[in-house]
Amino acid sequence: MMDGRQTRGDSEGRQIELQIQALDRTSPGQDGPRGRLFGWKLVRIRMRGVSEYSLSETMKYPLQVLSDGLKVGLLDDQFLLDLEPGPDDWSPAAFRDASISGPRQYVIAKNFSFEVSDGPFI
């Protein structure tokens, strides 16, 4: 089982890359620039200057399903990536106050970037 929460030491050299397969639900016939994005995509999220994180998985379930999507926002001048935002209203300011049973899945870092690639994927 992997379970990590890191808050000590210098964060400058710490970085993480997450690869997420996502279904873009934009209609393939929709007018406008987003119409071409329909289908499965690979989203690579890179965060640098990681100051805090909590991620876990088990050998039995090594892949996570983001049923509630994910949220990105600013928290204390850093980027917050919340992988379990829940179905209710969400804000970075309320992140630490949220009552969630079980471990949270999140990363807090100074820099955030992402890129989207076309599928298909396994």
# chains A, B, ... in the order shown; residues from 1 in each chain; ligands from 1
>>> residues_around(residues="range 107-113 of chain A", least_positions_apart="2", cutoff="7 Å", atoms="only C-alpha atoms", output="PyMOL selection string")
chain A and resi 45-54+78-82
>>> write_last_selection(atoms="all heavy atoms", output="CSV table (one decimal), in the first residue's frame")
chain,number,residue,atom,x,y,z
A,45,ILE,N,-0.8,15.9,-15.6
A,45,ILE,CA,-0.7,17.1,-14.7
A,45,ILE,C,0.7,17.0,-14.0
A,45,ILE,O,1.1,16.0,-13.5
A,45,ILE,CB,-1.8,17.0,-13.6
A,45,ILE,CG1,-3.2,17.0,-14.3
A,45,ILE,CG2,-1.6,18.0,-12.5
A,45,ILE,CD1,-4.3,16.8,-13.4
A,46,ARG,N,1.4,18.2,-14.1
A,46,ARG,CA,2.7,18.3,-13.5
A,46,ARG,C,2.7,19.3,-12.4
A,46,ARG,O,2.2,20.4,-12.6
A,46,ARG,CB,3.8,18.6,-14.5
A,46,ARG,CG,4.1,17.5,-15.5
A,46,ARG,CD,5.2,17.9,-16.4
A,46,ARG,NE,5.3,16.9,-17.5
A,46,ARG,CZ,4.7,16.9,-18.6
A,46,ARG,NH1,3.9,17.9,-18.9
A,46,ARG,NH2,4.9,15.9,-19.5
A,47,MET,N,3.2,19.0,-11.2
A,47,MET,CA,3.2,20.0,-10.1
A,47,MET,C,4.6,20.0,-9.6
A,47,MET,O,5.2,18.9,-9.3
A,47,MET,CB,2.2,19.6,-9.0
A,47,MET,CG,0.8,19.6,-9.6
A,47,MET,SD,-0.5,19.2,-8.4
A,47,MET,CE,-0.6,20.8,-7.5
A,48,ARG,N,5.2,21.2,-9.4
A,48,ARG,CA,6.6,21.3,-9.0
A,48,ARG,C,6.5,22.2,-7.7
A,48,ARG,O,5.7,23.1,-7.5
A,48,ARG,CB,7.4,22.0,-10.0
A,48,ARG,CG,7.6,21.1,-11.2
A,48,ARG,CD,8.4,21.8,-12.3
A,48,ARG,NE,8.7,20.9,-13.4
A,48,ARG,CZ,7.8,20.7,-14.5
A,48,ARG,NH1,6.7,21.4,-14.5
A,48,ARG,NH2,8.1,19.9,-15.4
A,49,GLY,N,7.5,22.0,-6.9
A,49,GLY,CA,7.6,22.7,-5.6
A,49,GLY,C,6.5,22.1,-4.6
A,49,GLY,O,5.8,22.9,-4.0
A,50,VAL,N,6.4,20.8,-4.6
A,50,VAL,CA,5.3,20.2,-3.8
A,50,VAL,C,5.6,20.4,-2.3
A,50,VAL,O,6.7,20.1,-1.8
A,50,VAL,CB,5.2,18.7,-4.1
A,50,VAL,CG1,4.3,18.0,-3.1
A,50,VAL,CG2,4.8,18.4,-5.5
A,51,SER,N,4.7,21.0,-1.6
A,51,SER,CA,4.8,21.3,-0.2
A,51,SER,C,4.1,20.3,0.7
A,51,SER,O,4.4,20.1,1.8
A,51,SER,CB,4.4,22.7,0.2
A,51,SER,OG,3.1,22.9,-0.1
A,52,GLU,N,3.0,19.7,0.1
A,52,GLU,CA,2.2,18.8,0.9
A,52,GLU,C,1.4,17.9,-0.1
A,52,GLU,O,1.0,18.3,-1.1
A,52,GLU,CB,1.2,19.6,1.7
A,52,GLU,CG,0.3,18.8,2.7
A,52,GLU,CD,-0.6,19.6,3.5
A,52,GLU,OE1,-0.2,20.8,3.8
A,52,GLU,OE2,-1.6,19.1,3.9
A,53,TYR,N,1.2,16.6,0.3
A,53,TYR,CA,0.4,15.7,-0.5
A,53,TYR,C,-0.1,14.6,0.4
A,53,TYR,O,0.4,14.3,1.4
A,53,TYR,CB,1.2,15.1,-1.7
A,53,TYR,CG,2.3,14.2,-1.3
A,53,TYR,CD1,2.1,12.8,-1.1
A,53,TYR,CD2,3.6,14.7,-1.1
A,53,TYR,CE1,3.1,12.0,-0.8
A,53,TYR,CE2,4.6,13.8,-0.7
A,53,TYR,CZ,4.4,12.5,-0.6
A,53,TYR,OH,5.4,11.7,-0.2
A,54,SER,N,-1.2,14.0,-0.1
A,54,SER,CA,-1.7,12.7,0.5
A,54,SER,C,-2.3,11.9,-0.7
A,54,SER,O,-3.3,12.3,-1.3
A,54,SER,CB,-2.8,13.1,1.5
A,54,SER,OG,-3.3,11.9,2.0
A,78,GLN,N,-0.6,28.9,-3.2
A,78,GLN,CA,-0.1,27.6,-3.9
A,78,GLN,C,-1.3,27.0,-4.6
A,78,GLN,O,-2.4,27.2,-4.3
A,78,GLN,CB,0.5,26.7,-2.8
A,78,GLN,CG,1.8,27.2,-2.2
A,78,GLN,CD,2.4,26.1,-1.4
A,78,GLN,OE1,3.0,25.2,-1.9
A,78,GLN,NE2,2.3,26.2,0.0
A,79,PHE,N,-0.9,26.1,-5.5
A,79,PHE,CA,-2.0,25.4,-6.2
A,79,PHE,C,-2.4,24.1,-5.4
A,79,PHE,O,-1.6,23.4,-4.9
A,79,PHE,CB,-1.5,24.9,-7.6
A,79,PHE,CG,-1.4,26.0,-8.6
A,79,PHE,CD1,-0.1,26.7,-8.8
A,79,PHE,CD2,-2.4,26.5,-9.3
A,79,PHE,CE1,0.0,27.7,-9.6
A,79,PHE,CE2,-2.3,27.6,-10.2
A,79,PHE,CZ,-1.1,28.2,-10.3
A,80,LEU,N,-3.7,23.9,-5.4
A,80,LEU,CA,-4.3,22.8,-4.7
A,80,LEU,C,-4.9,21.9,-5.8
A,80,LEU,O,-5.8,22.4,-6.5
A,80,LEU,CB,-5.3,23.2,-3.7
A,80,LEU,CG,-6.3,22.1,-3.2
A,80,LEU,CD1,-5.6,21.0,-2.4
A,80,LEU,CD2,-7.4,22.8,-2.3
A,81,LEU,N,-4.5,20.7,-5.9
A,81,LEU,CA,-5.2,19.7,-6.8
A,81,LEU,C,-5.9,18.7,-5.8
A,81,LEU,O,-5.3,18.0,-5.1
A,81,LEU,CB,-4.2,18.9,-7.6
A,81,LEU,CG,-4.7,17.8,-8.4
A,81,LEU,CD1,-5.7,18.2,-9.5
A,81,LEU,CD2,-3.5,17.0,-9.0
A,82,ASP,N,-7.2,18.8,-5.8
A,82,ASP,CA,-8.1,17.9,-5.0
A,82,ASP,C,-8.6,16.8,-5.9
A,82,ASP,O,-9.4,17.1,-6.8
A,82,ASP,CB,-9.2,18.7,-4.3
A,82,ASP,CG,-9.9,18.0,-3.3
A,82,ASP,OD1,-9.8,16.7,-3.2
A,82,ASP,OD2,-10.7,18.6,-2.6
>>> residues_around(residues="Lys41 in chain A", least_positions_apart="6", cutoff="6 Å", atoms="only C-alpha atoms", output="NGL selection string")
:A and (21-22 or 117-119)
>>> write_last_selection(atoms="C-alpha atoms", output="tab-separated table (two decimals), in the first residue's frame")
chain	number	residue	atom	x	y	z
A	21	GLN	CA	-7.47	9.15	-18.61
A	22	ALA	CA	-10.59	11.27	-19.00
A	117	SER	CA	-3.34	14.27	-25.59
A	118	ASP	CA	-5.74	12.32	-27.81
A	119	GLY	CA	-6.53	8.63	-27.16
>>> atom_distance(atom1="CA of Ser91 in chain A", atom2="CA of Lys71 in chain A")
8.7 Å
>>> decode(residues="range 37-53 of chain A", atoms="N, CA, C and O atoms", output="tab-separated table (two decimals), in the first residue's frame")
chain	number	residue	atom	x	y	z
A	37	LEU	N	-12.71	18.12	-29.33
A	37	LEU	CA	-12.12	17.48	-28.16
A	37	LEU	C	-12.87	16.24	-27.69
A	37	LEU	O	-12.49	15.62	-26.73
A	38	PHE	N	-13.95	15.85	-28.37
A	38	PHE	CA	-14.76	14.73	-27.93
A	38	PHE	C	-13.94	13.43	-27.87
A	38	PHE	O	-13.14	13.16	-28.74
A	39	GLY	N	-14.17	12.62	-26.85
A	39	GLY	CA	-13.56	11.30	-26.74
A	39	GLY	C	-12.60	11.20	-25.58
A	39	GLY	O	-12.48	12.09	-24.75
A	40	TRP	N	-11.88	10.08	-25.54
A	40	TRP	CA	-10.93	9.82	-24.45
A	40	TRP	C	-9.67	10.64	-24.64
A	40	TRP	O	-9.15	10.75	-25.75
A	41	LYS	N	-9.17	11.18	-23.54
A	41	LYS	CA	-7.96	12.00	-23.53
A	41	LYS	C	-7.04	11.53	-22.42
A	41	LYS	O	-7.49	10.96	-21.42
A	42	LEU	N	-5.77	11.77	-22.59
A	42	LEU	CA	-4.79	11.57	-21.54
A	42	LEU	C	-4.40	12.94	-21.04
A	42	LEU	O	-3.91	13.78	-21.81
A	43	VAL	N	-4.63	13.19	-19.77
A	43	VAL	CA	-4.30	14.47	-19.16
A	43	VAL	C	-3.09	14.25	-18.27
A	43	VAL	O	-3.12	13.42	-17.36
A	44	ARG	N	-1.99	14.95	-18.57
A	44	ARG	CA	-0.77	14.87	-17.76
A	44	ARG	C	-0.71	16.14	-16.91
A	44	ARG	O	-0.64	17.24	-17.44
A	45	ILE	N	-0.75	15.95	-15.62
A	45	ILE	CA	-0.68	17.07	-14.68
A	45	ILE	C	0.69	17.03	-14.03
A	45	ILE	O	1.09	16.00	-13.49
A	46	ARG	N	1.40	18.16	-14.09
A	46	ARG	CA	2.72	18.26	-13.46
A	46	ARG	C	2.66	19.34	-12.39
A	46	ARG	O	2.20	20.45	-12.65
A	47	MET	N	3.16	18.99	-11.22
A	47	MET	CA	3.21	19.96	-10.13
A	47	MET	C	4.64	19.98	-9.59
A	47	MET	O	5.22	18.93	-9.33
A	48	ARG	N	5.18	21.18	-9.44
A	48	ARG	CA	6.56	21.34	-8.96
A	48	ARG	C	6.54	22.21	-7.71
A	48	ARG	O	5.68	23.05	-7.54
A	49	GLY	N	7.52	21.97	-6.85
A	49	GLY	CA	7.56	22.68	-5.58
A	49	GLY	C	6.50	22.15	-4.64
A	49	GLY	O	5.81	22.91	-3.96
A	50	VAL	N	6.35	20.82	-4.61
A	50	VAL	CA	5.32	20.18	-3.78
A	50	VAL	C	5.62	20.40	-2.31
A	50	VAL	O	6.70	20.05	-1.81
A	51	SER	N	4.67	21.00	-1.60
A	51	SER	CA	4.85	21.25	-0.17
A	51	SER	C	4.06	20.28	0.69
A	51	SER	O	4.39	20.05	1.85
A	52	GLU	N	3.00	19.70	0.12
A	52	GLU	CA	2.17	18.77	0.89
A	52	GLU	C	1.41	17.87	-0.06
A	52	GLU	O	1.00	18.30	-1.14
A	53	TYR	N	1.22	16.60	0.33
A	53	TYR	CA	0.41	15.70	-0.48
A	53	TYR	C	-0.13	14.58	0.37
A	53	TYR	O	0.41	14.28	1.44
